[in-house]
$ cat target_38.txt   # compact mmCIF, C-alpha atoms
# COMPACT_ATOMS: atom_id res chain seq x y z
CA ALA A 1 23.68 -3.30 -7.29
CA GLN A 2 20.11 -4.33 -7.81
CA THR A 3 18.87 -5.63 -11.15
CA VAL A 4 15.37 -6.26 -12.49
CA THR A 5 14.62 -8.74 -15.27
CA GLN A 6 11.46 -9.11 -17.33
CA SER A 7 11.90 -12.15 -19.56
CA GLN A 8 8.87 -11.55 -21.80
CA PRO A 9 9.49 -8.64 -24.21
CA GLU A 10 5.98 -9.01 -25.66
CA MET A 11 2.77 -10.75 -24.66
CA SER A 12 -0.78 -10.81 -25.91
CA VAL A 13 -4.08 -11.71 -24.28
CA GLN A 14 -7.65 -12.04 -25.46
CA GLU A 15 -10.08 -9.50 -24.09
CA ALA A 16 -11.71 -10.73 -20.84
CA GLU A 17 -8.99 -13.35 -20.32
CA THR A 18 -6.25 -13.43 -17.68
CA VAL A 19 -2.56 -12.80 -18.31
CA THR A 20 0.50 -12.96 -16.07
CA LEU A 21 3.62 -10.86 -16.60
CA SER A 22 6.80 -12.08 -14.96
CA CYS A 23 9.50 -10.15 -13.14
CA THR A 24 12.55 -11.30 -11.22
CA TYR A 25 15.04 -9.17 -9.36
CA ASP A 26 18.32 -9.50 -7.61
CA THR A 27 19.13 -7.82 -4.32
CA SER A 28 20.98 -8.47 -1.10
CA GLU A 29 18.66 -6.26 0.92
CA SER A 30 15.85 -7.63 3.07
CA ASP A 31 13.54 -4.61 3.02
CA TYR A 32 12.50 -2.95 -0.21
CA TYR A 33 9.51 -2.07 -2.39
CA LEU A 34 8.43 -3.46 -5.72
CA PHE A 35 6.19 -1.73 -8.24
CA TRP A 36 4.48 -2.33 -11.52
CA TYR A 37 4.12 0.71 -13.76
CA LYS A 38 2.08 0.88 -16.94
CA GLN A 39 2.99 3.13 -19.89
CA PRO A 40 0.27 3.35 -22.57
CA PRO A 41 0.85 5.07 -25.93
CA SER A 42 -0.09 8.33 -24.23
CA ARG A 43 3.39 8.03 -22.64
CA GLN A 44 2.51 8.73 -19.04
CA MET A 45 3.87 6.18 -16.56
CA ILE A 46 1.03 5.09 -14.29
CA LEU A 47 1.45 3.23 -11.02
CA VAL A 48 -0.46 -0.06 -11.20
CA ILE A 49 0.41 -1.76 -7.93
CA ARG A 50 2.94 -1.68 -5.11
CA GLN A 51 4.28 -4.40 -2.81
CA GLU A 52 6.24 -3.93 0.39
CA ALA A 53 8.76 -6.73 0.84
CA TYR A 54 8.15 -7.08 4.56
CA LYS A 55 4.48 -7.83 3.93
CA GLN A 56 3.80 -11.46 3.06
CA GLN A 57 0.30 -10.77 1.75
CA ASN A 58 0.16 -10.24 -1.99
CA ALA A 59 -1.06 -6.80 -3.05
CA THR A 60 -4.24 -6.45 -5.08
CA GLU A 61 -5.81 -3.49 -6.87
CA ASN A 62 -9.13 -4.34 -8.50
CA ARG A 63 -8.28 -6.54 -11.53
CA PHE A 64 -4.55 -6.40 -10.83
CA SER A 65 -2.79 -8.66 -8.35
CA VAL A 66 0.75 -9.79 -7.74
CA ASN A 67 2.38 -13.07 -6.82
CA PHE A 68 5.29 -12.06 -4.62
CA GLN A 69 7.75 -14.84 -3.86
CA LYS A 70 10.45 -13.22 -1.74
CA ALA A 71 12.74 -16.24 -1.47
CA ALA A 72 12.64 -16.74 -5.22
CA LYS A 73 12.92 -12.97 -5.83
CA SER A 74 9.94 -13.11 -8.12
CA PHE A 75 7.19 -10.52 -8.53
CA SER A 76 4.66 -11.37 -11.22
CA LEU A 77 1.62 -9.29 -12.20
CA LYS A 78 -1.71 -10.92 -12.96
CA ILE A 79 -4.31 -9.00 -14.92
CA SER A 80 -7.79 -10.50 -14.75
CA ASP A 81 -10.66 -9.76 -17.14
CA SER A 82 -8.29 -7.98 -19.52
CA GLN A 83 -9.61 -4.86 -21.19
CA LEU A 84 -8.53 -3.05 -24.35
CA GLY A 85 -7.30 -0.18 -22.17
CA ASP A 86 -4.79 -2.51 -20.51
CA ALA A 87 -2.68 -2.54 -23.68
CA ALA A 88 0.57 -0.84 -22.75
CA MET A 89 4.22 -1.34 -21.86
CA TYR A 90 4.53 -2.68 -18.33
CA PHE A 91 7.65 -1.99 -16.26
CA CYS A 92 8.58 -3.81 -13.08
CA ALA A 93 10.58 -1.63 -10.68
CA TYR A 94 12.58 -2.10 -7.49
CA ARG A 95 13.08 0.56 -4.87
CA ARG A 96 15.29 0.43 -1.83
CA PHE A 97 13.46 0.61 1.48
CA LEU A 98 15.20 3.78 2.55
CA ASP A 99 17.07 6.18 0.37
CA ASN A 100 18.74 9.24 1.74
CA TYR A 101 17.91 11.09 -1.45
CA GLY A 102 14.38 10.76 -2.72
CA GLN A 103 13.54 7.33 -4.07
CA ASN A 104 15.95 5.60 -6.42
CA PHE A 105 14.20 3.12 -8.70
CA VAL A 106 15.64 0.33 -10.82
CA PHE A 107 13.39 -0.48 -13.78
CA GLY A 108 13.16 -3.71 -15.72
CA PRO A 109 13.33 -3.66 -19.54
CA GLY A 110 9.55 -3.82 -19.91
CA THR A 111 6.90 -6.14 -21.37
CA ARG A 112 4.66 -4.91 -24.15
CA LEU A 113 1.12 -6.23 -23.65
CA SER A 114 -1.36 -6.37 -26.51
CA VAL A 115 -5.06 -7.02 -25.85
CA LEU A 116 -6.92 -8.69 -28.70
CA PRO A 117 -10.62 -7.96 -29.17
CA ASP B 118 -3.88 18.17 -7.16
CA THR B 119 -2.27 14.81 -7.83
CA GLU B 120 -0.56 15.61 -11.11
CA VAL B 121 2.86 16.35 -12.45
CA THR B 122 2.59 18.80 -15.34
CA GLN B 123 5.27 18.95 -18.03
CA THR B 124 5.59 21.53 -20.77
CA PRO B 125 5.96 21.54 -23.66
CA LYS B 126 4.58 18.15 -24.77
CA HIS B 127 6.62 18.22 -27.98
CA LEU B 128 9.80 20.10 -28.84
CA VAL B 129 11.88 20.22 -31.99
CA MET B 130 15.18 22.03 -31.69
CA GLY B 131 18.32 22.54 -33.69
CA MET B 132 21.73 21.61 -32.40
CA THR B 133 22.62 25.24 -31.74
CA ASN B 134 19.41 26.15 -29.94
CA LYS B 135 18.83 26.73 -26.25
CA LYS B 136 15.55 25.54 -24.82
CA SER B 137 14.07 24.56 -21.46
CA LEU B 138 11.73 21.84 -20.30
CA LYS B 139 9.48 22.60 -17.36
CA CYS B 140 7.90 20.43 -14.69
CA GLU B 141 5.51 21.41 -11.90
CA GLN B 142 3.84 19.56 -9.04
CA HIS B 143 1.68 20.69 -6.12
CA MET B 144 1.55 17.50 -4.06
CA GLY B 145 4.07 18.67 -1.49
CA HIS B 146 6.64 16.17 -2.74
CA ARG B 147 10.19 17.10 -1.78
CA ALA B 148 12.00 14.93 -4.32
CA MET B 149 11.87 15.54 -8.06
CA TYR B 150 13.50 13.65 -10.91
CA TRP B 151 14.42 13.87 -14.56
CA TYR B 152 14.44 10.68 -16.60
CA LYS B 153 15.36 10.09 -20.24
CA GLN B 154 13.53 7.36 -22.13
CA LYS B 155 14.48 6.06 -25.56
CA ALA B 156 11.95 4.14 -27.62
CA LYS B 157 11.07 0.68 -26.27
CA LYS B 158 13.46 1.11 -23.34
CA PRO B 159 12.90 1.77 -19.61
CA PRO B 160 13.46 5.25 -18.23
CA GLU B 161 17.04 6.14 -17.31
CA LEU B 162 17.65 8.39 -14.32
CA MET B 163 19.38 11.68 -15.08
CA PHE B 164 19.01 13.89 -12.00
CA VAL B 165 17.45 13.81 -8.53
CA TYR B 166 16.63 16.88 -6.48
CA SER B 167 15.90 16.49 -2.78
CA TYR B 168 14.66 19.56 -0.91
CA GLU B 169 15.57 21.66 -3.96
CA LYS B 170 19.19 20.50 -3.86
CA LEU B 171 20.77 18.35 -6.55
CA SER B 172 21.49 15.03 -4.87
CA ILE B 173 22.10 12.62 -7.77
CA ASN B 174 23.64 13.39 -11.14
CA GLU B 175 24.06 10.25 -13.16
CA SER B 176 27.03 11.44 -15.24
CA VAL B 177 24.84 13.35 -17.62
CA PRO B 178 26.61 15.55 -20.22
CA SER B 179 26.86 19.23 -19.33
CA ARG B 180 24.64 20.16 -22.27
CA PHE B 181 21.83 19.19 -19.89
CA SER B 182 21.53 21.59 -16.97
CA PRO B 183 18.87 21.03 -14.29
CA GLU B 184 17.43 23.71 -12.07
CA CYS B 185 15.04 23.56 -9.14
CA PRO B 186 13.84 27.12 -8.37
CA ASN B 187 11.50 25.98 -5.60
CA SER B 188 9.90 22.85 -4.18
CA SER B 189 7.20 22.78 -6.88
CA LEU B 190 9.21 23.48 -10.00
CA LEU B 191 11.91 21.62 -11.88
CA ASN B 192 13.51 22.78 -15.11
CA LEU B 193 15.87 21.12 -17.55
CA HIS B 194 17.89 23.56 -19.65
CA LEU B 195 19.10 22.25 -23.00
CA HIS B 196 21.99 23.64 -25.02
CA ALA B 197 23.96 22.34 -28.00
CA LEU B 198 22.21 18.99 -28.02
CA GLN B 199 23.04 16.13 -30.37
CA PRO B 200 20.60 14.09 -32.47
CA GLU B 201 21.14 11.12 -30.14
CA ASP B 202 19.59 13.21 -27.34
CA SER B 203 16.22 12.85 -29.07
CA ALA B 204 14.03 11.00 -26.59
CA LEU B 205 11.08 11.26 -24.22
CA TYR B 206 12.02 13.26 -21.14
CA LEU B 207 9.99 12.37 -18.08
CA CYS B 208 9.69 14.33 -14.88
CA ALA B 209 8.58 12.64 -11.68
CA SER B 210 8.09 13.56 -8.07
CA SER B 211 7.82 11.60 -4.85
CA GLN B 212 7.87 11.76 -1.11
CA MET B 213 11.25 11.27 0.45
CA GLY B 214 12.83 7.85 0.58
CA GLY B 215 11.61 6.77 3.97
CA GLN B 216 8.02 6.66 2.86
CA ALA B 217 6.24 3.97 0.94
CA GLY B 218 4.92 5.87 -2.04
CA GLY B 219 6.16 5.53 -5.56
CA TYR B 220 6.72 8.13 -8.21
CA THR B 221 4.10 10.32 -9.81
CA PHE B 222 5.17 10.88 -13.40
CA GLY B 223 4.36 13.62 -15.82
CA SER B 224 3.31 12.78 -19.36
CA GLY B 225 6.70 13.72 -20.73
CA THR B 226 8.21 15.98 -23.37
CA ARG B 227 8.98 14.35 -26.71
CA LEU B 228 12.23 16.00 -27.81
CA THR B 229 13.56 15.83 -31.35
CA VAL B 230 17.00 17.29 -32.10
CA VAL B 231 17.59 18.09 -35.76

$ encode --input "target_38.txt" --output "structure tokens"
Amino acid sequence: AQTVTQSQPEMSVQEAETVTLSCTYDTSESDYYLFWYKQPPSRQMILVIRQEAYKQQNATENRFSVNFQKAAKSFSLKISDSQLGDAAMYFCAYRRFLDNYGQNFVFGPGTRLSVLP
Amino acid sequence: DTEVTQTPKHLVMGMTNKKSLKCEQHMGHRAMYWYKQKAKKPPELMFVYSYEKLSINESVPSRFSPECPNSSLLNLHLHALQPEDSALYLCASSQMGGQAGGYTFGSGTRLTVV
């Protein structure tokens, strides 16, 4: 079974600075997807960024980018120019490449990010 | 429409009550999910519906009863709940597994059992 680990329960960053959240996972599969989801106090889980394991290029979405190291099974999230609105719980998630039934995710335990003004 | 709508946003119910949570999406997604989330924890999968058929039931107690009347709607019927069932209940939808997209989540129902 796949597992996802986020070793930093809490982190803080100064506004406008850069922060990196770490995520490692364990799988025996070669094709899969990795995601970062953000959950602010409003509760809604919001997709931040997605990486396909068969793509070597790291995904980027505006201020958000990932460092995907497939051999090391590492998938860290870098947030540049941090903003107050980035304060949230961040979940790393693994998804099998092909599921017969919908998409079955495995979530990490989460990292709570605080942004200091 | 790129949203998943959940109602109600908050619910307080007694242990003998019967209530229902509702979830609706109009993105043409054919997989829908119920997750339970306790405070400061990741979501835990409860049920998966694929093409309106229950495909995954993660050993959830029978006091939770899912229903998928059509491809856009997903309900969770609640009966004789326990205080430990108090949690945030999240609905999500997605394309089927062979496609690259992730979940689209609703904003959840905060359930309190008294």

$ residues_around --input "target_38.txt" --residues "Val115 of chain A" --least-positions-apart "2" --cutoff "12 Å" --atoms "only C-alpha atoms" --output "ChimeraX atom specification"
/A:10-19,79-89,112-113,117

$ closest_atom_pairs --input "target_38.txt" --of "chain A" --to "chain B" --cutoff "12 Å" --atoms "all atoms listed in the file" --output "Markdown table"
| residue | atom | partner | partner_atom | distance |
| --- | --- | --- | --- | --- |
| A:Val4 | CA | B:Pro159 | CA | 11.0 |
| A:Thr5 | CA | B:Pro159 | CA | 11.5 |
| A:Gln6 | CA | B:Pro159 | CA | 11.2 |
| A:Pro9 | CA | B:Lys157 | CA | 9.7 |
| A:Glu10 | CA | B:Lys157 | CA | 11.0 |
| A:Asp31 | CA | B:Ala217 | CA | 11.5 |
| A:Tyr32 | CA | B:Ala217 | CA | 9.4 |
| A:Tyr33 | CA | B:Ala217 | CA | 7.6 |
| A:Leu34 | CA | B:Gly219 | CA | 9.3 |
| A:Phe35 | CA | B:Gly219 | CA | 7.7 |
| A:Trp36 | CA | B:Gly219 | CA | 10.0 |
| A:Tyr37 | CA | B:Tyr220 | CA | 9.6 |
| A:Lys38 | CA | B:Phe222 | CA | 11.0 |
| A:Gln39 | CA | B:Ser224 | CA | 9.7 |
| A:Pro40 | CA | B:Ser224 | CA | 10.4 |
| A:Pro41 | CA | B:Ser224 | CA | 10.4 |
| A:Ser42 | CA | B:Ser224 | CA | 7.4 |
| A:Arg43 | CA | B:Ser224 | CA | 5.8 |
| A:Gln44 | CA | B:Ser224 | CA | 4.1 |
| A:Met45 | CA | B:Phe222 | CA | 5.8 |
| A:Ile46 | CA | B:Phe222 | CA | 7.2 |
| A:Leu47 | CA | B:Gly219 | CA | 7.6 |
| A:Val48 | CA | B:Gly219 | CA | 10.3 |
| A:Ile49 | CA | B:Gly219 | CA | 9.6 |
| A:Arg50 | CA | B:Gly219 | CA | 7.9 |
| A:Gln51 | CA | B:Ala217 | CA | 9.4 |
| A:Glu52 | CA | B:Ala217 | CA | 7.9 |
| A:Ala53 | CA | B:Ala217 | CA | 11.0 |
| A:Tyr54 | CA | B:Ala217 | CA | 11.8 |
| A:Ala88 | CA | B:Lys157 | CA | 11.2 |
| A:Met89 | CA | B:Lys157 | CA | 8.4 |
| A:Tyr90 | CA | B:Pro159 | CA | 9.6 |
| A:Phe91 | CA | B:Pro159 | CA | 7.3 |
| A:Cys92 | CA | B:Pro159 | CA | 9.6 |
| A:Ala93 | CA | B:Pro159 | CA | 9.8 |
| A:Tyr94 | CA | B:Gly219 | CA | 10.2 |
| A:Arg95 | CA | B:Gly219 | CA | 8.5 |
| A:Arg96 | CA | B:Gly214 | CA | 8.2 |
| A:Phe97 | CA | B:Gly215 | CA | 6.9 |
| A:Leu98 | CA | B:Gly215 | CA | 4.9 |
| A:Asp99 | CA | B:Gly214 | CA | 4.6 |
| A:Asn100 | CA | B:Gly214 | CA | 6.2 |
| A:Tyr101 | CA | B:Ser167 | CA | 5.9 |
| A:Gly102 | CA | B:Met213 | CA | 4.5 |
| A:Gln103 | CA | B:Gly214 | CA | 4.7 |
| A:Asn104 | CA | B:Gly214 | CA | 8.0 |
| A:Phe105 | CA | B:Leu162 | CA | 8.4 |
| A:Val106 | CA | B:Glu161 | CA | 8.8 |
| A:Phe107 | CA | B:Pro159 | CA | 6.3 |
| A:Gly108 | CA | B:Pro159 | CA | 6.7 |
| A:Pro109 | CA | B:Pro159 | CA | 5.4 |
| A:Gly110 | CA | B:Pro159 | CA | 6.5 |
| A:Thr111 | CA | B:Lys157 | CA | 9.4 |
| A:Arg112 | CA | B:Lys157 | CA | 8.8 |

$ atom_distance --input "target_38.txt" --atom1 "atom CA of Ser28 of chain A" --atom2 "atom CA of Lys73 of chain A"
10.4 Å

$ closest_residue --input "target_38.txt" --among "A:Lys70, A:Gln56, A:Asn62, A:Ser76" --to "Glu29 of chain A" --atoms "all atoms listed in the file"
A:Lys70

$ atom_distance --input "target_38.txt" --atom1 "atom CA of Phe164 of chain B" --atom2 "atom CA of Ser176 of chain B"
9.0 Å

$ atom_distance --input "target_38.txt" --atom1 "atom CA of Pro178 of chain B" --atom2 "atom CA of Ser137 of chain B"
15.5 Å

$ residues_around --input "target_38.txt" --residues "Ser179 of chain B" --least-positions-apart "3" --cutoff "10 Å" --atoms "only C-alpha atoms" --output "list in words"
Ser176, Ser182, Pro183, His194, Leu195, His196, Ala197 and Leu198 of chain B

$ write_last_selection --input "target_38.txt" --atoms "C-alpha atoms" --output "mmCIF file, in the coordinates of the input"
data_model
loop_
_atom_site.group_PDB
_atom_site.id
_atom_site.type_symbol
_atom_site.label_atom_id
_atom_site.label_comp_id
_atom_site.auth_asym_id
_atom_site.auth_seq_id
_atom_site.Cartn_x
_atom_site.Cartn_y
_atom_site.Cartn_z
ATOM 1 C CA SER B 176 27.030 11.440 -15.240
ATOM 2 C CA SER B 182 21.530 21.590 -16.970
ATOM 3 C CA PRO B 183 18.870 21.030 -14.290
ATOM 4 C CA HIS B 194 17.890 23.560 -19.650
ATOM 5 C CA LEU B 195 19.100 22.250 -23.000
ATOM 6 C CA HIS B 196 21.990 23.640 -25.020
ATOM 7 C CA ALA B 197 23.960 22.340 -28.000
ATOM 8 C CA LEU B 198 22.210 18.990 -28.020
#

$ build_atoms --input "target_38.txt" --residues "segment 157-171 of chain B" --atoms "N, CA and C atoms" --output "compact mmCIF listing (two decimals), in the coordinates of the input"
# COMPACT_ATOMS: atom_id res chain seq x y z
N LYS B 157 11.11 2.09 -26.66
CA LYS B 157 11.07 0.68 -26.27
C LYS B 157 12.09 0.33 -25.18
N LYS B 158 12.51 1.32 -24.43
CA LYS B 158 13.46 1.11 -23.34
C LYS B 158 12.87 1.65 -22.04
N PRO B 159 13.37 1.17 -20.88
CA PRO B 159 12.90 1.77 -19.61
C PRO B 159 13.49 3.15 -19.42
N PRO B 160 12.90 3.93 -18.54
CA PRO B 160 13.46 5.25 -18.23
C PRO B 160 14.84 5.12 -17.58
N GLU B 161 15.70 6.07 -17.91
CA GLU B 161 17.04 6.14 -17.31
C GLU B 161 17.13 7.41 -16.47
N LEU B 162 17.56 7.25 -15.23
CA LEU B 162 17.65 8.39 -14.32
C LEU B 162 18.74 9.35 -14.77
N MET B 163 18.39 10.65 -14.76
CA MET B 163 19.38 11.68 -15.08
C MET B 163 19.76 12.46 -13.82
N PHE B 164 18.76 13.03 -13.16
CA PHE B 164 19.01 13.89 -12.00
C PHE B 164 17.95 13.63 -10.93
N VAL B 165 18.37 13.83 -9.66
CA VAL B 165 17.45 13.81 -8.53
C VAL B 165 17.67 15.07 -7.71
N TYR B 166 16.58 15.75 -7.40
CA TYR B 166 16.63 16.88 -6.48
C TYR B 166 15.89 16.47 -5.20
N SER B 167 16.53 16.72 -4.07
CA SER B 167 15.90 16.49 -2.78
C SER B 167 15.92 17.82 -2.03
N TYR B 168 14.76 18.26 -1.58
CA TYR B 168 14.66 19.56 -0.91
C TYR B 168 15.37 20.63 -1.73
N GLU B 169 15.08 20.66 -3.00
CA GLU B 169 15.57 21.66 -3.96
C GLU B 169 17.08 21.63 -4.16
N LYS B 170 17.74 20.61 -3.64
CA LYS B 170 19.19 20.50 -3.86
C LYS B 170 19.47 19.29 -4.74
N LEU B 171 20.40 19.45 -5.68
CA LEU B 171 20.77 18.35 -6.55
C LEU B 171 21.46 17.28 -5.72
